[in-house]
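Participant: model.cif (mmCIF, C-alpha atoms) pasted underneath:
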```cif
data_input
loop_
_atom_site.label_atom_id
_atom_site.label_comp_id
_atom_site.auth_asym_id
_atom_site.auth_seq_id
_atom_site.Cartn_x
_atom_site.Cartn_y
_atom_site.Cartn_z
CA MET A 53 -16.84 19.71 5.30
CA PRO A 54 -17.31 16.07 4.28
CA LEU A 55 -14.34 13.78 4.75
CA PRO A 56 -15.00 10.82 2.42
CA PHE A 57 -12.05 8.83 3.72
CA LEU A 58 -13.67 8.56 7.17
CA THR A 59 -16.89 6.79 6.24
CA ALA A 60 -18.24 4.27 3.86
CA ASP A 61 -20.98 5.56 1.55
CA ARG A 62 -23.61 3.24 2.93
CA GLU A 63 -23.72 0.66 5.65
CA PHE A 64 -23.27 -2.90 4.45
CA ASP A 65 -26.62 -4.64 4.65
CA ALA A 66 -26.15 -8.39 4.89
CA SER A 67 -29.88 -8.99 4.40
CA ALA A 68 -29.96 -7.28 1.00
CA GLU A 69 -29.25 -10.17 -1.34
CA ASP A 70 -29.74 -8.17 -4.55
CA VAL A 71 -26.92 -5.72 -3.77
CA VAL A 72 -23.53 -7.41 -3.55
CA LEU A 73 -21.47 -4.26 -3.87
CA PRO A 74 -23.06 -1.50 -1.76
CA PHE A 75 -21.71 1.44 -3.77
CA ASP A 76 -23.24 3.30 -6.71
CA ASP A 77 -20.02 4.53 -8.34
CA HIS A 78 -17.64 1.64 -8.93
CA ASP A 79 -15.04 3.81 -10.70
CA SER A 80 -13.88 5.72 -7.63
CA TRP A 81 -11.78 4.20 -4.86
CA ARG A 82 -13.83 3.30 -1.76
CA ARG A 83 -13.02 1.94 1.66
CA PRO A 84 -15.68 -0.74 2.26
CA TYR A 85 -15.63 -0.26 6.05
CA ARG A 86 -15.38 2.50 8.61
CA PRO A 87 -12.09 3.26 10.35
CA GLY A 88 -11.90 1.57 13.72
CA PRO A 89 -11.89 3.26 17.11
CA TRP A 90 -8.17 2.65 17.67
CA ARG A 91 -7.24 4.37 14.41
CA VAL A 92 -9.59 7.29 15.06
CA ALA A 93 -8.34 7.67 18.66
CA ALA A 94 -4.71 7.74 17.51
CA ALA A 95 -5.49 10.36 14.86
CA ALA A 96 -7.46 12.44 17.35
CA SER A 97 -4.53 12.31 19.77
CA LEU A 98 -2.19 13.48 17.04
CA LEU A 99 -4.53 16.34 16.17
CA LEU A 100 -4.71 17.30 19.86
CA LEU A 101 -0.90 17.31 19.98
CA ALA A 102 -0.85 19.50 16.85
CA SER A 103 -3.19 22.00 18.52
CA PHE A 104 -0.85 22.25 21.50
CA ILE A 105 2.12 22.75 19.18
CA LEU A 106 0.23 25.49 17.29
CA PHE A 107 -0.65 27.16 20.60
CA ALA A 108 3.03 27.03 21.62
CA GLY A 109 3.95 28.53 18.26
CA MET A 110 1.48 31.35 18.77
CA ILE A 111 2.94 32.12 22.21
CA THR A 112 6.44 32.00 20.73
CA ALA A 113 5.41 34.38 17.93
CA PHE A 114 3.89 36.86 20.40
CA ALA A 115 7.12 36.69 22.40
CA GLY A 116 8.98 37.87 19.32
CA ALA A 117 10.86 34.68 18.34
CA VAL A 118 9.61 34.29 14.77
CA PRO A 119 12.05 31.46 13.81
CA GLY A 120 10.84 29.42 16.80
CA ALA A 121 7.23 30.05 15.78
CA ALA A 122 8.01 28.91 12.24
CA VAL A 123 9.52 25.68 13.59
CA CYS A 124 6.38 25.10 15.68
CA LEU A 125 4.17 25.72 12.65
CA GLY A 126 6.19 23.31 10.54
CA LEU A 127 6.12 20.63 13.23
CA ALA A 128 2.36 21.06 13.68
CA LEU A 129 1.82 20.67 9.92
CA VAL A 130 3.86 17.45 9.92
CA VAL A 131 1.79 16.07 12.81
CA ILE A 132 -1.47 17.01 11.03
CA VAL A 133 -0.33 15.30 7.82
CA CYS A 134 0.58 12.20 9.84
CA ALA A 135 -2.88 12.15 11.44
CA LEU A 136 -4.60 12.43 8.07
CA ARG A 137 -2.39 9.73 6.56
CA LEU A 138 -3.19 7.47 9.51
CA LEU A 139 -6.91 7.96 8.85
CA ARG A 140 -6.44 7.24 5.15
CA ALA A 141 -4.61 3.95 5.74
CA GLY A 142 -6.55 0.80 4.98
CA VAL A 143 -7.97 -1.15 2.07
CA TRP A 144 -9.60 0.63 -0.86
CA VAL A 145 -11.43 -1.06 -3.74
CA SER A 146 -12.79 -0.04 -7.11
CA GLN A 147 -13.51 -1.76 -10.39
CA HIS A 148 -9.86 -1.16 -11.28
CA GLY A 149 -8.37 -3.20 -8.45
CA VAL A 150 -7.59 -3.39 -4.76
CA ARG A 151 -5.36 -0.85 -3.03
CA ARG A 152 -3.55 -1.35 0.29
CA VAL A 153 -2.73 2.07 1.73
CA GLY A 154 -0.16 2.01 4.51
CA PHE A 155 1.28 4.86 6.50
CA LEU A 156 4.24 5.30 4.14
CA THR A 157 3.49 3.09 1.14
CA THR A 158 0.60 2.30 -1.17
CA THR A 159 0.26 -0.88 -3.21
CA THR A 160 -2.32 -1.27 -5.98
CA VAL A 161 -3.09 -4.57 -7.66
CA PRO A 162 -5.40 -4.60 -10.70
CA TRP A 163 -8.14 -7.22 -10.54
CA ASN A 164 -6.81 -8.97 -13.66
CA GLN A 165 -3.60 -9.77 -11.71
CA VAL A 166 -5.49 -11.20 -8.72
CA ALA A 167 -5.88 -14.98 -8.53
CA ALA A 168 -7.78 -15.08 -5.22
CA VAL A 169 -8.95 -12.96 -2.30
CA ARG A 170 -9.51 -15.07 0.80
CA THR A 171 -9.55 -15.08 4.57
CA VAL A 172 -6.98 -17.30 6.28
CA GLN A 173 -5.98 -18.18 9.84
CA GLN A 174 -2.39 -17.13 10.48
CA PRO A 175 -0.22 -15.20 12.94
CA VAL A 176 -1.01 -11.48 12.56
CA LYS A 177 0.46 -8.33 14.05
CA TRP A 178 -1.37 -6.87 17.02
CA LEU A 179 -2.18 -3.19 16.27
CA GLY A 180 0.73 -3.11 13.82
CA PHE A 181 3.33 -3.80 16.51
CA PRO A 182 5.97 -6.53 16.02
CA ARG A 183 4.13 -8.81 18.48
CA THR A 184 2.06 -11.43 16.66
CA VAL A 185 -1.05 -13.26 17.78
CA GLN A 186 -3.14 -15.93 16.12
CA GLY A 187 -5.90 -14.36 14.07
CA GLN A 188 -7.61 -13.99 10.74
CA ALA A 189 -6.20 -12.12 7.76
CA LEU A 190 -7.62 -11.18 4.38
CA ILE A 191 -4.96 -11.85 1.76
CA VAL A 192 -4.65 -11.29 -1.97
CA VAL A 193 -2.93 -13.96 -4.04
CA ARG A 194 -1.53 -12.60 -7.30
CA GLN A 195 -1.37 -14.53 -10.55
CA GLY A 196 1.65 -16.79 -10.28
CA GLY A 197 1.25 -17.40 -6.54
CA ALA A 198 2.85 -14.28 -5.04
CA THR A 199 0.99 -12.92 -2.01
CA LEU A 200 0.79 -9.40 -0.67
CA PRO A 201 1.02 -8.58 3.02
CA PRO A 202 -2.40 -9.04 4.63
CA LEU A 203 -4.96 -6.45 3.53
CA LEU A 204 -6.97 -6.68 6.74
CA THR A 205 -6.48 -8.49 10.02
CA ASP A 206 -8.84 -8.95 12.91
CA ASN A 207 -6.19 -7.45 15.23
CA ASN A 208 -5.36 -4.22 13.39
CA ALA A 209 -6.44 -0.71 14.39
CA ASP A 210 -9.71 -1.01 12.48
CA PHE A 211 -10.99 -4.36 13.76
CA LEU A 212 -9.48 -5.08 17.19
CA ALA A 213 -12.31 -6.56 19.30
CA ARG A 214 -14.73 -6.06 16.37
CA GLY A 215 -14.92 -9.53 14.83
CA GLU A 216 -18.27 -8.97 13.12
CA ALA A 217 -17.00 -5.80 11.43
CA PHE A 218 -13.93 -7.71 10.20
CA ASP A 219 -16.10 -10.47 8.74
CA ARG A 220 -18.34 -7.92 7.01
CA ALA A 221 -15.37 -6.00 5.55
CA ALA A 222 -13.61 -9.18 4.41
CA ASP A 223 -16.79 -10.43 2.75
CA THR A 224 -17.23 -7.11 0.97
CA VAL A 225 -13.66 -7.07 -0.39
CA GLU A 226 -14.04 -10.70 -1.46
CA ALA A 227 -17.30 -9.77 -3.24
CA TRP A 228 -15.51 -6.96 -5.11
CA GLY A 229 -12.82 -9.46 -6.09
CA ASP A 230 -15.34 -12.06 -7.26
CA GLU A 231 -17.21 -9.43 -9.29
CA TYR A 232 -14.26 -7.90 -11.11
CA ARG A 233 -11.80 -10.80 -11.41
CA GLN A 234 -14.26 -12.62 -13.65
CA GLY A 235 -15.50 -9.54 -15.56
#
```
Just give me the structure of the file as structure tokens.
Facilitator:
Amino acid sequence: MPLPFLTADREFDASAEDVVLPFDDHDSWRRPYRPGPWRVAAAASLLLLASFILFAGMITAFAGAVPGAAVCLGLALVVIVCALRLLRAGVWVSQHGVRRVGFLTTTTVPWNQVAAVRTVQQPVKWLGFPRTVQGQALIVVRQGGATLPPLLTDNNADFLARGEAFDRAADTVEAWGDEYRQG
């Protein structure tokens, strides 16, 4: 079963100068990078926890406590949904705009409302925790000067200790912005 939210369609090839946007279908929402190892490890841990909860629910059901088994099933479903939402979080682009998908919220900005997409040096959160470190962030500046929270940082769950992958992803999102802000 293919899971399109886990992989990019094609690897970004920096040597291919004729292809700025490495996707064939620009109408659908795409994540221009692969989820990082920290994000995948957290989701895998949640899915492992869900399997243990489902096993506990099965034991509870065989013991005859159906309400307890139902609670275990419900809790396991919540954990599975959390794992999938964690994998879906990130930046998504299409010809319609840029979308920042968080764990609980999603923000979409159409390209005609975007003034600039750029990489800046600023304090960024380390793995989403309140602690900040100096790093790079990809930000979107809306028309009128309002900025969104950073789309990508080099210290988030996708790019921690993967500076080259951050640069490639930031360049790709900036290329999408340059292509569709002017068109």
Participant: Apply the PyMOL selection byres ((chain A and resi 186-196) around 10) to the structure shown and report the selected residues as a ChimeraX atom specification.
Facilitator: /A:150,161-178,184-185,197-208,215,218-219,221-223,225-226,229
Participant: Just to confirm, what's the straight-line distance from atom CA of Gly126 of chain A to atom CA of Leu99 of chain A in Å (one decimal)?
Facilitator: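 Separating atom CA of Gly126 of chain A from atom CA of Leu99 of chain A is a distance of 14.0 Å.
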Participant: Provide the atom CA of Ala135 of chain A to atom CA of Gly116 of chain A distance in Å, to one decimal place.
Facilitator: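 Between atom CA of Ala135 of chain A and atom CA of Gly116 of chain A the gap is 29.4 Å.
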Participant: What does the structure give for the distance between atom CA of Ala141 of chain A and atom CA of Tyr232 of chain A, in Å to one decimal?
Facilitator: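 Interatomic distance here is 22.7 Å.
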Participant: Could you list as an MDAnalysis selection string every residue that has an atom within 7 Å of (-12.3, -0.5, -5.8), using the file's coordinates and counting all atoms listed in the file?
Facilitator: chainID A and resid 78 80:82 144:150
Participant: Save the residues we just selected, C-alpha atoms, as an mmCIF file, in the coordinates of the input?
Facilitator:
```cif
data_model
loop_
_atom_site.group_PDB
_atom_site.id
_atom_site.type_symbol
_atom_site.label_atom_id
_atom_site.label_comp_id
_atom_site.auth_asym_id
_atom_site.auth_seq_id
_atom_site.Cartn_x
_atom_site.Cartn_y
_atom_site.Cartn_z
ATOM 1 C CA HIS A 78 -17.640 1.640 -8.930
ATOM 2 C CA SER A 80 -13.880 5.720 -7.630
ATOM 3 C CA TRP A 81 -11.780 4.200 -4.860
ATOM 4 C CA ARG A 82 -13.830 3.300 -1.760
ATOM 5 C CA TRP A 144 -9.600 0.630 -0.860
ATOM 6 C CA VAL A 145 -11.430 -1.060 -3.740
ATOM 7 C CA SER A 146 -12.790 -0.040 -7.110
ATOM 8 C CA GLN A 147 -13.510 -1.760 -10.390
ATOM 9 C CA HIS A 148 -9.860 -1.160 -11.280
ATOM 10 C CA GLY A 149 -8.370 -3.200 -8.450
ATOM 11 C CA VAL A 150 -7.590 -3.390 -4.760
#
```
Participant: Given the file shown, enumerate the residues that the PyMOL selection byres ((chain A and resi 209) around 7) captures and present them as a PyMOL selection string.
Facilitator: chain A and resi 88+90-91+179+207-208+210-212
Participant: Report as a VMD selection string the residues that result from applying the PyMOL selection byres ((chain A and resi 139) around 8) to the structure here.
Facilitator: chain A and resid 57 to 58 87 91 to 92 95 135 to 138 140 to 141
